[in-house]
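Here the structure comes first, spelled out in structure tokens, and everything after it is commentary.
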Amino acid sequence: MPTQKFSSQLDDVEELLNLAESITLRHPAFSYLPDRPTPSPILAGAVVLLCARFEEFIKDVVAYALEQHGEANPTLTLWDLPEQVQIHLISKNMTAALQPRRFGKVRESSERIRDGLTAAKEMIAGRISAGNAIETGGNPGPDTVSELMKLTGVDKPWP
């Protein structure tokens, strides 16, 4: 379940925040240092880690929801989803399949063509493929989370 994974991942953030708090309280172990450490970089790291964990949670929830569509009885197809979600899934899957670079690695033309044909066949068959549709491959941030939220039907999560 996505919520259990998210809860356990927040422990990393809590550890960073506890470290920042111990520095802020000027723990006696730091008192002899001429240039005492500042908690600012640790707090910034905690914020970035929290954003990354939240983005991963949103991805997991969206993937889980789309997988549940695939296991529905009667079976749901891509064409049963709202039009905006259909367009998003098709666009993201084709873009990912045809990318010349993926996660910093150069992809051969033959690999891109093969992946593009596979994605097209999946779409024609009406299969709901969440894999590439929710792969952000970038730094976490509000725009990324907003794009992921569109898959759940929330058009503008940051009004």
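Following the order of the structure tokens, chains are lettered A, B, ..., residues in each are numbered from 1, and ligands are numbered from 1.
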
Skip A:Ile42 itself and residues of its chain fewer than 2 positions away, then list as a PDB file with N, CA, C and O atoms, in the first residue's frame all residues within 8 Å of it, counting only C-alpha atoms.
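Writing the result to around28.pdb gives the following:
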ATOM      1  N   LEU A  16      16.542  13.800   9.810  1.00  0.00           N
ATOM      2  CA  LEU A  16      17.212  15.050   9.439  1.00  0.00           C
ATOM      3  C   LEU A  16      16.729  16.213  10.296  1.00  0.00           C
ATOM      4  O   LEU A  16      17.520  17.051  10.729  1.00  0.00           O
ATOM      5  N   LEU A  17      15.427  16.266  10.537  1.00  0.00           N
ATOM      6  CA  LEU A  17      14.881  17.342  11.355  1.00  0.00           C
ATOM      7  C   LEU A  17      15.385  17.243  12.801  1.00  0.00           C
ATOM      8  O   LEU A  17      15.672  18.264  13.435  1.00  0.00           O
ATOM      9  N   LEU A  19      18.283  16.029  13.692  1.00  0.00           N
ATOM     10  CA  LEU A  19      19.669  16.481  13.649  1.00  0.00           C
ATOM     11  C   LEU A  19      19.731  18.005  13.641  1.00  0.00           C
ATOM     12  O   LEU A  19      20.509  18.606  14.376  1.00  0.00           O
ATOM     13  N   ALA A  20      18.902  18.624  12.805  1.00  0.00           N
ATOM     14  CA  ALA A  20      18.866  20.091  12.746  1.00  0.00           C
ATOM     15  C   ALA A  20      18.477  20.672  14.101  1.00  0.00           C
ATOM     16  O   ALA A  20      19.039  21.674  14.548  1.00  0.00           O
ATOM     17  N   PRO A  39      22.153  24.860  11.040  1.00  0.00           N
ATOM     18  CA  PRO A  39      21.185  23.850  10.607  1.00  0.00           C
ATOM     19  C   PRO A  39      20.579  24.128   9.232  1.00  0.00           C
ATOM     20  O   PRO A  39      19.890  23.280   8.684  1.00  0.00           O
ATOM     21  N   SER A  40      20.844  25.294   8.649  1.00  0.00           N
ATOM     22  CA  SER A  40      20.190  25.658   7.381  1.00  0.00           C
ATOM     23  C   SER A  40      20.358  24.618   6.271  1.00  0.00           C
ATOM     24  O   SER A  40      19.376  24.243   5.631  1.00  0.00           O
ATOM     25  N   ALA A  44      17.282  22.527   4.629  1.00  0.00           N
ATOM     26  CA  ALA A  44      17.028  22.556   3.189  1.00  0.00           C
ATOM     27  C   ALA A  44      16.999  21.135   2.631  1.00  0.00           C
ATOM     28  O   ALA A  44      16.134  20.787   1.816  1.00  0.00           O
ATOM     29  N   GLY A  45      17.921  20.298   3.083  1.00  0.00           N
ATOM     30  CA  GLY A  45      17.933  18.898   2.651  1.00  0.00           C
ATOM     31  C   GLY A  45      16.676  18.164   3.072  1.00  0.00           C
ATOM     32  O   GLY A  45      16.133  17.351   2.317  1.00  0.00           O
ATOM     33  N   ALA A  46      16.205  18.449   4.272  1.00  0.00           N
ATOM     34  CA  ALA A  46      14.979  17.813   4.762  1.00  0.00           C
ATOM     35  C   ALA A  46      13.775  18.215   3.915  1.00  0.00           C
ATOM     36  O   ALA A  46      12.922  17.388   3.604  1.00  0.00           O
TER      37      ALA A  46
END

Hey, what's within 9 Å of A:Trp79 if we count only C-alpha atoms and toss same-chain stuff fewer than 2 positions away? As a PDB file with N, CA, C and O atoms, in the first residue's frame, please?
ATOM      1  N   LEU A  76     -11.973  -2.500 -17.459  1.00  0.00           N
ATOM      2  CA  LEU A  76     -11.996  -1.132 -17.970  1.00  0.00           C
ATOM      3  C   LEU A  76     -10.850  -0.977 -18.958  1.00  0.00           C
ATOM      4  O   LEU A  76      -9.790  -1.557 -18.786  1.00  0.00           O
ATOM      5  N   THR A  77     -11.078  -0.178 -19.973  1.00  0.00           N
ATOM      6  CA  THR A  77     -10.021   0.084 -20.943  1.00  0.00           C
ATOM      7  C   THR A  77      -9.634   1.553 -20.876  1.00  0.00           C
ATOM      8  O   THR A  77     -10.275   2.352 -20.188  1.00  0.00           O
ATOM      9  N   LEU A  81     -11.719   5.783 -19.465  1.00  0.00           N
ATOM     10  CA  LEU A  81     -11.241   6.845 -18.583  1.00  0.00           C
ATOM     11  C   LEU A  81     -11.668   8.208 -19.112  1.00  0.00           C
ATOM     12  O   LEU A  81     -11.991   8.340 -20.300  1.00  0.00           O
ATOM     13  N   PRO A  82     -11.660   9.248 -18.280  1.00  0.00           N
ATOM     14  CA  PRO A  82     -11.981  10.591 -18.765  1.00  0.00           C
ATOM     15  C   PRO A  82     -11.033  10.998 -19.897  1.00  0.00           C
ATOM     16  O   PRO A  82      -9.865  10.608 -19.915  1.00  0.00           O
ATOM     17  N   GLU A  83     -11.541  11.789 -20.825  1.00  0.00           N
ATOM     18  CA  GLU A  83     -10.780  12.172 -22.018  1.00  0.00           C
ATOM     19  C   GLU A  83      -9.434  12.812 -21.671  1.00  0.00           C
ATOM     20  O   GLU A  83      -8.410  12.508 -22.291  1.00  0.00           O
ATOM     21  N   GLN A  86      -7.047  10.110 -20.719  1.00  0.00           N
ATOM     22  CA  GLN A  86      -6.650   9.365 -21.916  1.00  0.00           C
ATOM     23  C   GLN A  86      -5.538  10.097 -22.663  1.00  0.00           C
ATOM     24  O   GLN A  86      -4.511   9.504 -23.016  1.00  0.00           O
ATOM     25  N   GLY A 126      -6.276  -0.613 -26.020  1.00  0.00           N
ATOM     26  CA  GLY A 126      -7.022   0.032 -24.938  1.00  0.00           C
ATOM     27  C   GLY A 126      -6.488  -0.296 -23.561  1.00  0.00           C
ATOM     28  O   GLY A 126      -7.156  -0.056 -22.557  1.00  0.00           O
ATOM     29  N   ARG A 127      -5.258  -0.814 -23.472  1.00  0.00           N
ATOM     30  CA  ARG A 127      -4.680  -1.152 -22.175  1.00  0.00           C
ATOM     31  C   ARG A 127      -4.242   0.119 -21.451  1.00  0.00           C
ATOM     32  O   ARG A 127      -3.678   1.018 -22.044  1.00  0.00           O
ATOM     33  N   ILE A 128      -4.486   0.132 -20.170  1.00  0.00           N
ATOM     34  CA  ILE A 128      -4.087   1.263 -19.337  1.00  0.00           C
ATOM     35  C   ILE A 128      -2.666   0.995 -18.857  1.00  0.00           C
ATOM     36  O   ILE A 128      -2.435   0.062 -18.091  1.00  0.00           O
TER      37      ILE A 128
END

One-decimal distance in Å that lies between atom CA of A:Val61 and atom CA of A:Arg107: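 If I compute the distance from atom CA of A:Arg107 to atom CA of A:Val61, I get 28.9 Å.
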
Counting only C-alpha atoms, the option among A:Ala130, A:Val145, A:Val154, A:Leu98 closest to A:Gln68: A:Ala130

Per-residue DSSP, stretch 56-156 of chain A, filtered to helix (DSSP H, G or I), as a VMD selection string: chain A and resid 56 to 70 78 to 80 83 to 98 109 to 124 142 to 150

To one decimal place, how far is atom CA of A:Val62 from atom CA of A:Lys92 in Å? 14.0 Å

Considering only C-alpha atoms, state which residue in the set A:Gln84, A:Ser110, A:Asn18, A:Thr95 is at the smallest distance from A:Leu151. A:Gln84

Residue set, stretch 79-143 of chain A restricted to strand (DSSP E), as a list in words: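 Checking each residue of stretch 79-143 of chain A, the strand (DSSP E) ones are Arg101, Arg102, Lys105 and Val106 of chain A.
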
Writing out the chosen residues with N, CA, C and O atoms as a short mmCIF file (atom, residue, chain, number, x, y, z; two decimals), in the first residue's frame:
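out.cif, written as the output of this step:
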data_model
loop_
_atom_site.label_atom_id
_atom_site.label_comp_id
_atom_site.auth_asym_id
_atom_site.auth_seq_id
_atom_site.Cartn_x
_atom_site.Cartn_y
_atom_site.Cartn_z
N ARG A 101 17.06 10.22 -25.05
CA ARG A 101 17.80 9.98 -23.80
C ARG A 101 16.78 9.70 -22.71
O ARG A 101 15.75 10.35 -22.64
N ARG A 102 17.10 8.75 -21.87
CA ARG A 102 16.22 8.43 -20.76
C ARG A 102 17.07 8.22 -19.53
O ARG A 102 17.96 7.38 -19.52
N LYS A 105 20.79 8.31 -20.10
CA LYS A 105 21.38 7.28 -20.95
C LYS A 105 20.87 7.43 -22.38
O LYS A 105 19.66 7.56 -22.61
N VAL A 106 21.80 7.44 -23.35
CA VAL A 106 21.43 7.55 -24.76
C VAL A 106 20.76 6.25 -25.19
O VAL A 106 21.21 5.16 -24.86
#

Taking 4 positions as the minimum chain separation for residues in the same chain, which residues sit within 10 Å of A:Ser109 when counting only C-alpha atoms? Answer as a PyMOL selection string. chain A and resi 98-100+113-115

For the selection you just gave me, I'd like the residues written to a file as a compact mmCIF listing (two decimals), in the first residue's frame, keeping N, CA, C and O atoms.
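Just written: selection.txt:
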# COMPACT_ATOMS: atom_id res chain seq x y z
N LEU A 98 9.70 7.30 -27.13
CA LEU A 98 10.50 7.83 -28.24
C LEU A 98 11.65 8.74 -27.81
O LEU A 98 12.37 9.25 -28.67
N GLN A 99 11.85 8.94 -26.54
CA GLN A 99 12.91 9.84 -26.07
C GLN A 99 14.29 9.35 -26.50
O GLN A 99 14.60 8.16 -26.35
N PRO A 100 15.13 10.28 -27.01
CA PRO A 100 16.48 9.88 -27.40
C PRO A 100 17.38 9.61 -26.19
O PRO A 100 18.33 8.84 -26.28
N ILE A 113 12.25 2.88 -31.56
CA ILE A 113 11.20 2.41 -32.49
C ILE A 113 10.45 1.25 -31.86
O ILE A 113 9.21 1.22 -31.88
N ARG A 114 11.18 0.29 -31.29
CA ARG A 114 10.54 -0.86 -30.65
C ARG A 114 9.61 -0.41 -29.52
O ARG A 114 8.46 -0.85 -29.43
N ASP A 115 10.10 0.48 -28.66
CA ASP A 115 9.28 0.96 -27.55
C ASP A 115 8.07 1.76 -28.04
O ASP A 115 6.98 1.66 -27.47

Excluding stretch 4-6 of chain A and residues on its chain fewer than 5 positions from it, collect all residues at most 10 Å away from it, counting only C-alpha atoms, and give them as an mmCIF file with all heavy atoms, in the first residue's frame.
data_model
loop_
_atom_site.group_PDB
_atom_site.id
_atom_site.type_symbol
_atom_site.label_atom_id
_atom_site.label_comp_id
_atom_site.auth_asym_id
_atom_site.auth_seq_id
_atom_site.Cartn_x
_atom_site.Cartn_y
_atom_site.Cartn_z
ATOM 1 N N ASP A 11 10.366 8.644 7.969
ATOM 2 C CA ASP A 11 11.336 8.503 9.063
ATOM 3 C C ASP A 11 12.665 9.157 8.698
ATOM 4 O O ASP A 11 13.332 9.736 9.556
ATOM 5 C CB ASP A 11 11.554 7.027 9.399
ATOM 6 C CG ASP A 11 10.317 6.384 10.021
ATOM 7 O OD1 ASP A 11 9.437 7.135 10.497
ATOM 8 O OD2 ASP A 11 10.231 5.139 10.015
ATOM 9 N N ARG A 53 9.826 12.575 -1.318
ATOM 10 C CA ARG A 53 8.989 11.502 -0.746
ATOM 11 C C ARG A 53 7.521 11.717 -1.094
ATOM 12 O O ARG A 53 6.798 10.770 -1.392
ATOM 13 C CB ARG A 53 9.155 11.435 0.774
ATOM 14 C CG ARG A 53 10.537 11.075 1.256
ATOM 15 C CD ARG A 53 10.983 9.746 0.737
ATOM 16 N NE ARG A 53 12.152 9.293 1.479
ATOM 17 C CZ ARG A 53 13.026 8.435 1.019
ATOM 18 N NH1 ARG A 53 12.875 7.936 -0.192
ATOM 19 N NH2 ARG A 53 14.040 8.065 1.743
ATOM 20 N N PHE A 54 7.070 12.982 -1.047
ATOM 21 C CA PHE A 54 5.672 13.264 -1.385
ATOM 22 C C PHE A 54 5.407 12.976 -2.860
ATOM 23 O O PHE A 54 4.383 12.389 -3.211
ATOM 24 C CB PHE A 54 5.318 14.717 -1.042
ATOM 25 C CG PHE A 54 3.872 15.047 -1.298
ATOM 26 C CD1 PHE A 54 2.869 14.410 -0.591
ATOM 27 C CD2 PHE A 54 3.518 15.979 -2.253
ATOM 28 C CE1 PHE A 54 1.534 14.689 -0.828
ATOM 29 C CE2 PHE A 54 2.180 16.276 -2.496
ATOM 30 C CZ PHE A 54 1.189 15.630 -1.781
ATOM 31 N N GLU A 56 6.984 10.852 -4.747
ATOM 32 C CA GLU A 56 6.971 9.399 -4.907
ATOM 33 C C GLU A 56 5.656 8.806 -4.407
ATOM 34 O O GLU A 56 5.109 7.881 -5.006
ATOM 35 C CB GLU A 56 8.157 8.788 -4.156
ATOM 36 C CG GLU A 56 8.319 7.311 -4.408
ATOM 37 C CD GLU A 56 9.560 6.726 -3.755
ATOM 38 O OE1 GLU A 56 10.400 7.489 -3.235
ATOM 39 O OE2 GLU A 56 9.674 5.494 -3.750
ATOM 40 N N PHE A 57 5.130 9.364 -3.316
ATOM 41 C CA PHE A 57 3.843 8.906 -2.797
ATOM 42 C C PHE A 57 2.730 9.140 -3.816
ATOM 43 O O PHE A 57 1.918 8.247 -4.074
ATOM 44 C CB PHE A 57 3.530 9.626 -1.480
ATOM 45 C CG PHE A 57 2.137 9.392 -0.961
ATOM 46 C CD1 PHE A 57 1.756 8.146 -0.492
ATOM 47 C CD2 PHE A 57 1.204 10.415 -0.943
ATOM 48 C CE1 PHE A 57 0.477 7.918 -0.009
ATOM 49 C CE2 PHE A 57 -0.079 10.206 -0.476
ATOM 50 C CZ PHE A 57 -0.442 8.948 0.000
ATOM 51 N N ILE A 58 2.709 10.340 -4.420
ATOM 52 C CA ILE A 58 1.691 10.640 -5.439
ATOM 53 C C ILE A 58 1.823 9.668 -6.606
ATOM 54 O O ILE A 58 0.827 9.128 -7.108
ATOM 55 C CB ILE A 58 1.801 12.103 -5.926
ATOM 56 C CG1 ILE A 58 1.528 13.083 -4.780
ATOM 57 C CG2 ILE A 58 0.876 12.367 -7.105
ATOM 58 C CD1 ILE A 58 0.113 13.069 -4.268
ATOM 59 N N ASP A 60 3.054 6.639 -6.567
ATOM 60 C CA ASP A 60 2.593 5.317 -6.128
ATOM 61 C C ASP A 60 1.073 5.239 -6.084
ATOM 62 O O ASP A 60 0.485 4.233 -6.479
ATOM 63 C CB ASP A 60 3.178 4.982 -4.753
ATOM 64 C CG ASP A 60 4.669 4.702 -4.787
ATOM 65 O OD1 ASP A 60 5.222 4.510 -5.890
ATOM 66 O OD2 ASP A 60 5.289 4.681 -3.699
#
